[in-house]
$ cat coords-v6.tsv   # TSV, N, CA and C atoms
chain	number	residue	atom	x	y	z
C	1	MET	N	100.85	97.49	74.09
C	1	MET	CA	101.60	96.44	74.75
C	1	MET	C	101.68	96.75	76.24
C	2	VAL	N	101.48	95.76	77.05
C	2	VAL	CA	101.53	95.90	78.50
C	2	VAL	C	102.98	95.77	78.95
C	3	GLY	N	103.42	96.69	79.82
C	3	GLY	CA	104.78	96.65	80.33
C	3	GLY	C	104.96	95.48	81.28
C	4	PRO	N	106.21	95.08	81.51
C	4	PRO	CA	106.47	93.92	82.37
C	4	PRO	C	106.01	94.14	83.81
C	5	ARG	N	106.09	95.34	84.32
C	5	ARG	CA	105.65	95.58	85.70
C	5	ARG	C	104.14	95.47	85.81
C	6	ARG	N	103.43	96.04	84.86
C	6	ARG	CA	101.96	95.94	84.86
C	6	ARG	C	101.55	94.48	84.69
C	7	ALA	N	102.23	93.76	83.84
C	7	ALA	CA	101.93	92.34	83.63
C	7	ALA	C	102.15	91.55	84.91
C	8	LEU	N	103.22	91.84	85.65
C	8	LEU	CA	103.48	91.16	86.92
C	8	LEU	C	102.36	91.43	87.92
C	9	THR	N	101.96	92.69	88.03
C	9	THR	CA	100.89	93.06	88.95
C	9	THR	C	99.60	92.32	88.61
C	10	VAL	N	99.24	92.30	87.35
C	10	VAL	CA	98.03	91.60	86.91
C	10	VAL	C	98.16	90.10	87.17
C	11	LEU	N	99.31	89.52	86.89
C	11	LEU	CA	99.52	88.09	87.08
C	11	LEU	C	99.39	87.70	88.55
C	12	VAL	N	100.05	88.42	89.43
C	12	VAL	CA	100.02	88.07	90.85
C	12	VAL	C	98.62	88.27	91.43
C	13	THR	N	97.97	89.36	91.08
C	13	THR	CA	96.62	89.60	91.57
C	13	THR	C	95.66	88.54	91.05
C	14	SER	N	95.77	88.19	89.78
C	14	SER	CA	94.91	87.15	89.20
C	14	SER	C	95.15	85.80	89.86
C	15	ALA	N	96.41	85.48	90.11
C	15	ALA	CA	96.72	84.20	90.77
C	15	ALA	C	96.10	84.15	92.17
C	16	ALA	N	96.18	85.26	92.90
C	16	ALA	CA	95.59	85.30	94.24
C	16	ALA	C	94.09	85.10	94.18
C	17	LEU	N	93.43	85.74	93.23
C	17	LEU	CA	91.98	85.59	93.11
C	17	LEU	C	91.60	84.18	92.68
C	18	LEU	N	92.37	83.59	91.78
C	18	LEU	CA	92.10	82.22	91.36
C	18	LEU	C	92.27	81.24	92.52
C	19	LEU	N	93.30	81.45	93.32
C	19	LEU	CA	93.49	80.58	94.48
C	19	LEU	C	92.34	80.71	95.46
C	20	ALA	N	91.85	81.92	95.62
C	20	ALA	CA	90.71	82.12	96.52
C	20	ALA	C	89.47	81.40	95.99
C	21	ALA	N	89.29	81.40	94.68
C	21	ALA	CA	88.13	80.73	94.10
C	21	ALA	C	88.23	79.21	94.23
C	22	CYS	N	89.44	78.67	94.22
C	22	CYS	CA	89.63	77.23	94.34
C	22	CYS	C	89.25	76.72	95.73
C	23	ASN	N	89.52	77.50	96.73
C	23	ASN	CA	89.26	77.08	98.11
C	23	ASN	C	88.81	78.31	98.87
C	24	PRO	N	87.50	78.60	98.86
C	24	PRO	CA	87.02	79.87	99.39
C	24	PRO	C	87.26	80.08	100.89
C	25	ASP	N	87.42	79.02	101.69
C	25	ASP	CA	87.65	79.24	103.12
C	25	ASP	C	88.63	78.24	103.70
C	26	PRO	N	89.91	78.38	103.37
C	26	PRO	CA	90.91	77.47	103.94
C	26	PRO	C	91.24	77.83	105.39
C	27	THR	N	90.64	78.90	105.90
C	27	THR	CA	91.02	79.42	107.21
C	27	THR	C	90.31	78.76	108.37
C	28	GLY	N	89.26	78.01	108.11
C	28	GLY	CA	88.47	77.49	109.22
C	28	GLY	C	87.60	78.56	109.85
C	29	GLY	N	87.45	79.68	109.17
C	29	GLY	CA	86.56	80.73	109.66
C	29	GLY	C	87.24	81.89	110.36
C	30	ALA	N	88.54	81.83	110.63
C	30	ALA	CA	89.23	82.92	111.29
C	30	ALA	C	89.43	84.06	110.30
C	31	ARG	N	88.84	85.19	110.57
C	31	ARG	CA	88.92	86.34	109.65
C	31	ARG	C	89.71	87.48	110.27
C	32	PRO	N	90.40	88.26	109.43
C	32	PRO	CA	91.10	89.45	109.94
C	32	PRO	C	90.07	90.46	110.46
C	33	PRO	N	90.49	91.31	111.38
C	33	PRO	CA	89.57	92.35	111.86
C	33	PRO	C	89.27	93.34	110.73
C	34	SER	N	88.12	94.01	110.83
C	34	SER	CA	87.75	94.96	109.78
C	34	SER	C	88.65	96.19	109.80
C	35	SER	N	89.28	96.45	110.92
C	35	SER	CA	90.30	97.50	110.97
C	35	SER	C	91.49	96.91	111.74
C	36	GLY	N	92.62	97.45	111.50
C	36	GLY	CA	93.80	96.91	112.15
C	36	GLY	C	95.02	97.71	111.79
C	37	PRO	N	96.18	97.19	112.10
C	37	PRO	CA	97.41	97.92	111.81
C	37	PRO	C	97.59	98.18	110.32
C	38	ALA	N	98.24	99.28	110.03
C	38	ALA	CA	98.51	99.64	108.64
C	38	ALA	C	99.50	98.65	108.03
C	39	PHE	N	99.43	98.54	106.72
C	39	PHE	CA	100.38	97.73	105.96
C	39	PHE	C	101.78	98.27	106.16
C	40	THR	N	102.74	97.38	106.33
C	40	THR	CA	104.14	97.78	106.40
C	40	THR	C	104.95	96.94	105.42
C	41	SER	N	106.06	97.49	104.99
C	41	SER	CA	106.93	96.76	104.07
C	41	SER	C	108.33	97.32	104.16
C	42	GLY	N	109.26	96.57	103.61
C	42	GLY	CA	110.63	97.01	103.51
C	42	GLY	C	111.32	96.30	102.37
C	43	ILE	N	112.30	96.95	101.82
C	43	ILE	CA	113.09	96.37	100.72
C	43	ILE	C	114.55	96.60	101.04
C	44	TRP	N	115.35	95.54	100.96
C	44	TRP	CA	116.79	95.69	101.12
C	44	TRP	C	117.51	94.73	100.20
C	45	SER	N	118.75	95.07	99.90
C	45	SER	CA	119.56	94.24	99.01
C	45	SER	C	119.94	92.94	99.70
C	46	VAL	N	120.02	91.89	98.92
C	46	VAL	CA	120.55	90.63	99.44
C	46	VAL	C	122.02	90.88	99.77
C	47	GLY	N	122.45	90.42	100.93
C	47	GLY	CA	123.80	90.71	101.39
C	47	GLY	C	124.91	89.94	100.71
C	48	GLY	N	124.56	88.81	100.12
C	48	GLY	CA	125.58	87.99	99.47
C	48	GLY	C	125.04	86.60	99.20
C	49	ALA	N	125.83	85.80	98.55
C	49	ALA	CA	125.43	84.43	98.22
C	49	ALA	C	125.11	83.63	99.48
C	50	ALA	N	125.78	83.96	100.59
C	50	ALA	CA	125.54	83.24	101.84
C	50	ALA	C	124.11	83.43	102.36
C	51	ASP	N	123.44	84.51	101.94
C	51	ASP	CA	122.05	84.75	102.33
C	51	ASP	C	121.09	83.82	101.60
C	52	LEU	N	121.56	83.20	100.52
C	52	LEU	CA	120.72	82.33	99.67
C	52	LEU	C	121.40	80.97	99.49
C	53	PRO	N	121.68	80.26	100.57
C	53	PRO	CA	122.51	79.06	100.47
C	53	PRO	C	121.92	77.93	99.63
C	54	HIS	N	120.61	77.89	99.49
C	54	HIS	CA	119.98	76.79	98.75
C	54	HIS	C	119.41	77.21	97.40
C	55	SER	N	119.21	78.51	97.21
C	55	SER	CA	118.52	78.94	95.99
C	55	SER	C	119.39	79.69	95.00
C	56	TRP	N	120.62	80.01	95.38
C	56	TRP	CA	121.50	80.70	94.44
C	56	TRP	C	122.84	79.99	94.42
C	57	ARG	N	123.42	79.92	93.21
C	57	ARG	CA	124.76	79.35	93.05
C	57	ARG	C	125.42	80.02	91.86
C	58	ALA	N	126.71	79.92	91.77
C	58	ALA	CA	127.43	80.48	90.62
C	58	ALA	C	126.84	79.89	89.35
C	59	GLY	N	126.63	80.72	88.37
C	59	GLY	CA	126.05	80.27	87.11
C	59	GLY	C	124.55	80.52	87.01
C	60	CYS	N	123.90	80.92	88.11
C	60	CYS	CA	122.48	81.27	88.03
C	60	CYS	C	122.31	82.43	87.05
C	61	PRO	N	121.19	82.47	86.34
C	61	PRO	CA	121.00	83.52	85.33
C	61	PRO	C	120.87	84.92	85.94
C	62	VAL	N	120.55	85.02	87.21
C	62	VAL	CA	120.46	86.31	87.89
C	62	VAL	C	121.48	86.30	89.03
C	63	HIS	N	122.37	87.28	89.04
C	63	HIS	CA	123.37	87.35	90.11
C	63	HIS	C	122.70	87.81	91.39
C	64	TRP	N	123.22	87.37	92.54
C	64	TRP	CA	122.62	87.77	93.81
C	64	TRP	C	122.68	89.28	94.00
C	65	ASN	N	123.61	89.97	93.34
C	65	ASN	CA	123.66	91.43	93.40
C	65	ASN	C	122.40	92.09	92.85
C	66	ASP	N	121.67	91.37	92.01
C	66	ASP	CA	120.46	91.91	91.38
C	66	ASP	C	119.19	91.49	92.11
C	67	LEU	N	119.33	90.93	93.31
C	67	LEU	CA	118.18	90.46	94.07
C	67	LEU	C	117.95	91.32	95.30
C	68	SER	N	116.69	91.42	95.69
C	68	SER	CA	116.31	92.15	96.89
C	68	SER	C	115.45	91.26	97.77
C	69	THR	N	115.52	91.50	99.06
C	69	THR	CA	114.60	90.88	100.00
C	69	THR	C	113.47	91.88	100.22
C	70	VAL	N	112.26	91.41	100.08
C	70	VAL	CA	111.08	92.24	100.30
C	70	VAL	C	110.37	91.69	101.53
C	71	ASN	N	110.12	92.55	102.49
C	71	ASN	CA	109.37	92.18	103.69
C	71	ASN	C	108.00	92.83	103.59
C	72	VAL	N	106.95	92.03	103.76
C	72	VAL	CA	105.58	92.55	103.66
C	72	VAL	C	104.73	92.05	104.82
C	73	ALA	N	103.76	92.86	105.19
C	73	ALA	CA	102.74	92.44	106.16
C	73	ALA	C	101.67	91.66	105.40
C	74	TYR	N	101.06	90.70	106.09
C	74	TYR	CA	99.96	89.94	105.48
C	74	TYR	C	99.05	89.42	106.57
C	75	TRP	N	97.83	89.07	106.17
C	75	TRP	CA	96.86	88.48	107.09
C	75	TRP	C	96.95	86.96	106.99
C	76	GLY	N	97.18	86.31	108.11
C	76	GLY	CA	97.31	84.86	108.14
C	76	GLY	C	95.97	84.15	108.22
C	77	TYR	N	96.00	82.86	108.06
C	77	TYR	CA	94.79	82.04	108.16
C	77	TYR	C	94.21	82.05	109.57
C	78	ASP	N	95.01	82.49	110.53
C	78	ASP	CA	94.53	82.61	111.90
C	78	ASP	C	93.82	83.93	112.15
C	79	GLY	N	93.69	84.77	111.10
C	79	GLY	CA	93.04	86.06	111.23
C	79	GLY	C	93.93	87.15	111.80
C	80	LYS	N	95.20	86.84	112.02
C	80	LYS	CA	96.13	87.80	112.63
C	80	LYS	C	97.11	88.33	111.59
C	81	ARG	N	97.69	89.48	111.93
C	81	ARG	CA	98.68	90.11	111.07
C	81	ARG	C	100.05	89.45	111.29
C	82	HIS	N	100.74	89.20	110.19
C	82	HIS	CA	102.09	88.62	110.22
C	82	HIS	C	102.96	89.39	109.24
C	83	THR	N	104.26	89.11	109.24
C	83	THR	CA	105.16	89.63	108.22
C	83	THR	C	105.98	88.48	107.67
C	84	GLY	N	106.39	88.62	106.42
C	84	GLY	CA	107.21	87.60	105.79
C	84	GLY	C	108.12	88.20	104.75
C	85	ASN	N	109.12	87.43	104.35
C	85	ASN	CA	110.12	87.87	103.37
C	85	ASN	C	110.04	87.06	102.09
C	86	LEU	N	110.28	87.75	100.97
C	86	LEU	CA	110.41	87.14	99.66
C	86	LEU	C	111.69	87.65	99.04
C	87	VAL	N	112.31	86.87	98.20
C	87	VAL	CA	113.49	87.33	97.45
C	87	VAL	C	113.06	87.46	95.99
C	88	VAL	N	113.26	88.67	95.45
C	88	VAL	CA	112.82	88.97	94.09
C	88	VAL	C	113.89	89.76	93.36
C	89	HIS	N	113.75	89.88	92.05
C	89	HIS	CA	114.67	90.71	91.27
C	89	HIS	C	114.45	92.17	91.65
C	90	ASP	N	115.56	92.91	91.72
C	90	ASP	CA	115.50	94.33	92.08
C	90	ASP	C	114.47	95.11	91.27
C	91	SER	N	114.38	94.79	90.01
C	91	SER	CA	113.53	95.57	89.11
C	91	SER	C	112.05	95.47	89.41
C	92	VAL	N	111.62	94.45	90.17
C	92	VAL	CA	110.19	94.29	90.47
C	92	VAL	C	109.87	94.42	91.96
C	93	ALA	N	110.86	94.71	92.78
C	93	ALA	CA	110.64	94.75	94.22
C	93	ALA	C	109.55	95.74	94.62
C	94	ALA	N	109.58	96.94	94.09
C	94	ALA	CA	108.56	97.94	94.44
C	94	ALA	C	107.17	97.50	93.97
C	95	ASP	N	107.10	96.85	92.81
C	95	ASP	CA	105.81	96.36	92.32
C	95	ASP	C	105.27	95.23	93.18
C	96	VAL	N	106.14	94.37	93.67
C	96	VAL	CA	105.72	93.28	94.56
C	96	VAL	C	105.12	93.88	95.83
C	97	VAL	N	105.74	94.93	96.35
C	97	VAL	CA	105.18	95.60	97.53
C	97	VAL	C	103.79	96.15	97.22
C	98	LYS	N	103.61	96.76	96.06
C	98	LYS	CA	102.28	97.30	95.68
C	98	LYS	C	101.23	96.21	95.64
C	99	VAL	N	101.58	95.06	95.09
C	99	VAL	CA	100.63	93.95	95.01
C	99	VAL	C	100.25	93.48	96.41
C	100	PHE	N	101.26	93.28	97.26
C	100	PHE	CA	100.96	92.82	98.61
C	100	PHE	C	100.23	93.87	99.45
C	101	ARG	N	100.46	95.15	99.18
C	101	ARG	CA	99.69	96.20	99.85
C	101	ARG	C	98.21	96.03	99.53
C	102	ARG	N	97.91	95.81	98.26
C	102	ARG	CA	96.49	95.65	97.85
C	102	ARG	C	95.91	94.37	98.45
C	103	VAL	N	96.65	93.29	98.43
C	103	VAL	CA	96.20	92.02	99.02
C	103	VAL	C	95.91	92.22	100.51
C	104	TYR	N	96.75	92.97	101.19
C	104	TYR	CA	96.56	93.26	102.62
C	104	TYR	C	95.30	94.10	102.83
C	105	GLU	N	95.12	95.12	102.00
C	105	GLU	CA	93.97	96.02	102.14
C	105	GLU	C	92.64	95.30	101.99
C	106	VAL	N	92.58	94.31	101.09
C	106	VAL	CA	91.32	93.59	100.89
C	106	VAL	C	91.19	92.40	101.85
C	107	ARG	N	92.18	92.28	102.76
C	107	ARG	CA	92.15	91.26	103.81
C	107	ARG	C	92.22	89.83	103.26
C	108	PHE	N	92.89	89.68	102.12
C	108	PHE	CA	93.12	88.34	101.57
C	108	PHE	C	94.10	87.62	102.49
C	109	GLN	N	93.77	86.40	102.87
C	109	GLN	CA	94.59	85.68	103.83
C	109	GLN	C	95.59	84.75	103.14
C	110	ILE	N	96.77	84.67	103.73
C	110	ILE	CA	97.88	83.88	103.19
C	110	ILE	C	98.38	82.97	104.29
C	111	ARG	N	98.63	81.71	103.96
C	111	ARG	CA	99.09	80.76	104.98
C	111	ARG	C	100.43	81.19	105.58
C	112	ARG	N	101.40	81.51	104.71
C	112	ARG	CA	102.72	81.88	105.19
C	112	ARG	C	103.52	82.51	104.04
C	113	ILE	N	104.51	83.29	104.41
C	113	ILE	CA	105.44	83.86	103.43
C	113	ILE	C	106.84	83.66	103.98
C	114	HIS	N	107.59	82.82	103.30
C	114	HIS	CA	108.98	82.56	103.65
C	114	HIS	C	109.78	82.44	102.35
C	115	PRO	N	111.04	82.85	102.35
C	115	PRO	CA	111.87	82.62	101.15
C	115	PRO	C	112.04	81.12	100.92
C	116	VAL	N	112.26	80.74	99.69
C	116	VAL	CA	112.39	79.32	99.36
C	116	VAL	C	113.60	78.70	100.05
C	117	ASP	N	114.56	79.49	100.47
C	117	ASP	CA	115.71	78.95	101.21
C	117	ASP	C	115.28	78.34	102.54
C	118	ALA	N	114.15	78.76	103.09
C	118	ALA	CA	113.63	78.16	104.32
C	118	ALA	C	113.25	76.70	104.10
C	119	TYR	N	113.11	76.30	102.83
C	119	TYR	CA	112.74	74.93	102.45
C	119	TYR	C	113.87	74.28	101.64
C	120	GLN	N	115.09	74.66	101.92
C	120	GLN	CA	116.28	74.14	101.25
C	120	GLN	C	116.20	74.33	99.73
C	121	GLY	N	115.55	75.39	99.28
C	121	GLY	CA	115.46	75.69	97.86
C	121	GLY	C	114.47	74.85	97.09
C	122	SER	N	113.64	74.08	97.79
C	122	SER	CA	112.69	73.18	97.12
C	122	SER	C	111.31	73.86	96.96
C	123	ASP	N	110.92	74.06	95.71
C	123	ASP	CA	109.59	74.62	95.46
C	123	ASP	C	108.51	73.68	96.00
C	124	ALA	N	108.70	72.39	95.81
C	124	ALA	CA	107.71	71.41	96.28
C	124	ALA	C	107.52	71.50	97.80
C	125	LYS	N	108.62	71.56	98.53
C	125	LYS	CA	108.52	71.66	100.00
C	125	LYS	C	107.87	72.97	100.42
C	126	SER	N	108.13	74.03	99.68
C	126	SER	CA	107.60	75.34	100.04
C	126	SER	C	106.09	75.42	99.86
C	127	MET	N	105.56	74.56	99.00
C	127	MET	CA	104.11	74.57	98.77
C	127	MET	C	103.42	73.69	99.78
$ encode --input "coords-v6.tsv" --output "structure tokens"
Amino acid sequence: MVGPRRALTVLVTSAALLLAACNPDPTGGARPPSSGPAFTSGIWSVGGAADLPHSWRAGCPVHWNDLSTVNVAYWGYDGKRHTGNLVVHDSVAADVVKVFRRVYEVRFQIRRIHPVDAYQGSDAKSM
């Protein structure tokens, strides 16, 4: 049986590869440099419900105390290095960093990384 952390890693990596196969060059040709700054990341606890005004409310199945903000470096569609934040369950925060480290190392490009609260909690708007 595959553990939940291994399953998450496989799922996220597979999703990234599938997205790349769907649209092999959404960047317009801007590629990251073959060498560049090292991957950076950080993990910190969510400070409170006020940090998640659109995506968390009383009665949510996961309390905000069990959430972490993960900051990761990524390569943008402009070929440049950026950083972004995600809010995830504490139990998978370190694994999310591992996945994004690998995505960064292979120079997979990402349009943007922002918490869903940047889009008033709307998954549709965030996409």
$ residues_around --input "coords-v6.tsv" --residues "Val46 (chain C)" --least-positions-apart "2" --cutoff "9 Å" --atoms "only C-alpha atoms" --output "PyMOL selection string"
chain C and resi 44+48-49+51-52+64-69+87
$ closest_residue --input "coords-v6.tsv" --among "C:Arg5, C:Tyr77, C:Val62, C:Ala30" --to "Ile110 (chain C)" --atoms "all atoms listed in the file"
C:Tyr77
$ residues_near_point --input "coords-v6.tsv" --point "(109.6, 93.6, 104.0)" --cutoff "7 Å" --atoms "all atoms listed in the file" --output "PyMOL selection string"
chain C and resi 40-44+69-73+84-86
$ write_last_selection --input "coords-v6.tsv" --atoms "N, CA and C atoms" --output "PDB file, in the coordinates of the input"
ATOM      1  N   THR C  40     102.740  97.380 106.330  1.00  0.00           N
ATOM      2  CA  THR C  40     104.140  97.780 106.400  1.00  0.00           C
ATOM      3  C   THR C  40     104.950  96.940 105.420  1.00  0.00           C
ATOM      4  N   SER C  41     106.060  97.490 104.990  1.00  0.00           N
ATOM      5  CA  SER C  41     106.930  96.760 104.070  1.00  0.00           C
ATOM      6  C   SER C  41     108.330  97.320 104.160  1.00  0.00           C
ATOM      7  N   GLY C  42     109.260  96.570 103.610  1.00  0.00           N
ATOM      8  CA  GLY C  42     110.630  97.010 103.510  1.00  0.00           C
ATOM      9  C   GLY C  42     111.320  96.300 102.370  1.00  0.00           C
ATOM     10  N   ILE C  43     112.300  96.950 101.820  1.00  0.00           N
ATOM     11  CA  ILE C  43     113.090  96.370 100.720  1.00  0.00           C
ATOM     12  C   ILE C  43     114.550  96.600 101.040  1.00  0.00           C
ATOM     13  N   TRP C  44     115.350  95.540 100.960  1.00  0.00           N
ATOM     14  CA  TRP C  44     116.790  95.690 101.120  1.00  0.00           C
ATOM     15  C   TRP C  44     117.510  94.730 100.200  1.00  0.00           C
ATOM     16  N   THR C  69     115.520  91.500  99.060  1.00  0.00           N
ATOM     17  CA  THR C  69     114.600  90.880 100.000  1.00  0.00           C
ATOM     18  C   THR C  69     113.470  91.880 100.220  1.00  0.00           C
ATOM     19  N   VAL C  70     112.260  91.410 100.080  1.00  0.00           N
ATOM     20  CA  VAL C  70     111.080  92.240 100.300  1.00  0.00           C
ATOM     21  C   VAL C  70     110.370  91.690 101.530  1.00  0.00           C
ATOM     22  N   ASN C  71     110.120  92.550 102.490  1.00  0.00           N
ATOM     23  CA  ASN C  71     109.370  92.180 103.690  1.00  0.00           C
ATOM     24  C   ASN C  71     108.000  92.830 103.590  1.00  0.00           C
ATOM     25  N   VAL C  72     106.950  92.030 103.760  1.00  0.00           N
ATOM     26  CA  VAL C  72     105.580  92.550 103.660  1.00  0.00           C
ATOM     27  C   VAL C  72     104.730  92.050 104.820  1.00  0.00           C
ATOM     28  N   ALA C  73     103.760  92.860 105.190  1.00  0.00           N
ATOM     29  CA  ALA C  73     102.740  92.440 106.160  1.00  0.00           C
ATOM     30  C   ALA C  73     101.670  91.660 105.400  1.00  0.00           C
ATOM     31  N   GLY C  84     106.390  88.620 106.420  1.00  0.00           N
ATOM     32  CA  GLY C  84     107.210  87.600 105.790  1.00  0.00           C
ATOM     33  C   GLY C  84     108.120  88.200 104.750  1.00  0.00           C
ATOM     34  N   ASN C  85     109.120  87.430 104.350  1.00  0.00           N
ATOM     35  CA  ASN C  85     110.120  87.870 103.370  1.00  0.00           C
ATOM     36  C   ASN C  85     110.040  87.060 102.090  1.00  0.00           C
ATOM     37  N   LEU C  86     110.280  87.750 100.970  1.00  0.00           N
ATOM     38  CA  LEU C  86     110.410  87.140  99.660  1.00  0.00           C
ATOM     39  C   LEU C  86     111.690  87.650  99.040  1.00  0.00           C
TER      40      LEU C  86
END
$ atom_distance --input "coords-v6.tsv" --atom1 "atom N of Trp56 (chain C)" --atom2 "CA of Ala124 (chain C)"
15.5 Å
$ residues_near_point --input "coords-v6.tsv" --point "(109.3, 96.0, 88.4)" --cutoff "8 Å" --atoms "all atoms listed in the file" --output "JSON, numbers by chain"
{"C": [4, 5, 6, 8, 89, 90, 91, 92, 93, 94, 95, 96]}
$ closest_residue --input "coords-v6.tsv" --among "C:Pro53, C:Pro61, C:Gly79, C:Pro33" --to "Val116 (chain C)" --atoms "only C-alpha atoms"
C:Pro53
$ closest_residue --input "coords-v6.tsv" --among "C:Pro32, C:Lys80, C:Ser55, C:Ala38" --to "Gly121 (chain C)" --atoms "only N, CA and C atoms"
C:Ser55
$ residues_around --input "coords-v6.tsv" --residues "Arg102 (chain C)" --least-positions-apart "5" --cutoff "10 Å" --atoms "only C-alpha atoms" --output "list in words"
Thr13, Phe39, Val97, Arg107 and Phe108 of chain C
$ write_last_selection --input "coords-v6.tsv" --atoms "N, CA and C atoms" --output "PDB file, in the frame of the given file"
ATOM      1  N   THR C  13      97.970  89.360  91.080  1.00  0.00           N
ATOM      2  CA  THR C  13      96.620  89.600  91.570  1.00  0.00           C
ATOM      3  C   THR C  13      95.660  88.540  91.050  1.00  0.00           C
ATOM      4  N   PHE C  39      99.430  98.540 106.720  1.00  0.00           N
ATOM      5  CA  PHE C  39     100.380  97.730 105.960  1.00  0.00           C
ATOM      6  C   PHE C  39     101.780  98.270 106.160  1.00  0.00           C
ATOM      7  N   VAL C  97     105.740  94.930  96.350  1.00  0.00           N
ATOM      8  CA  VAL C  97     105.180  95.600  97.530  1.00  0.00           C
ATOM      9  C   VAL C  97     103.790  96.150  97.220  1.00  0.00           C
ATOM     10  N   ARG C 107      92.180  92.280 102.760  1.00  0.00           N
ATOM     11  CA  ARG C 107      92.150  91.260 103.810  1.00  0.00           C
ATOM     12  C   ARG C 107      92.220  89.830 103.260  1.00  0.00           C
ATOM     13  N   PHE C 108      92.890  89.680 102.120  1.00  0.00           N
ATOM     14  CA  PHE C 108      93.120  88.340 101.570  1.00  0.00           C
ATOM     15  C   PHE C 108      94.100  87.620 102.490  1.00  0.00           C
TER      16      PHE C 108
END
$ closest_residue --input "coords-v6.tsv" --among "C:Ser35, C:Trp75, C:Thr83, C:Cys60" --to "Gln109 (chain C)" --atoms "only C-alpha atoms"
C:Trp75
$ atom_distance --input "coords-v6.tsv" --atom1 "CA of Ala58 (chain C)" --atom2 "CA of His114 (chain C)"
22.7 Å
$ atom_distance --input "coords-v6.tsv" --atom1 "atom C of Asp78 (chain C)" --atom2 "CA of Gly29 (chain C)"
8.3 Å
$ closest_residue --input "coords-v6.tsv" --among "C:Gly36, C:His63, C:Arg112, C:Arg101" --to "Gly76 (chain C)" --atoms "only C-alpha atoms"
C:Arg112
$ closest_residue --input "coords-v6.tsv" --among "C:Arg81, C:Asp117, C:Lys98, C:Met127" --to "His54 (chain C)" --atoms "all atoms listed in the file"
C:Asp117
$ select_by_dssp --input "coords-v6.tsv" --residues "chain C" --states "strand (DSSP E or B)" --output "PyMOL selection string"
chain C and resi 41-45+67-75+81-89+109
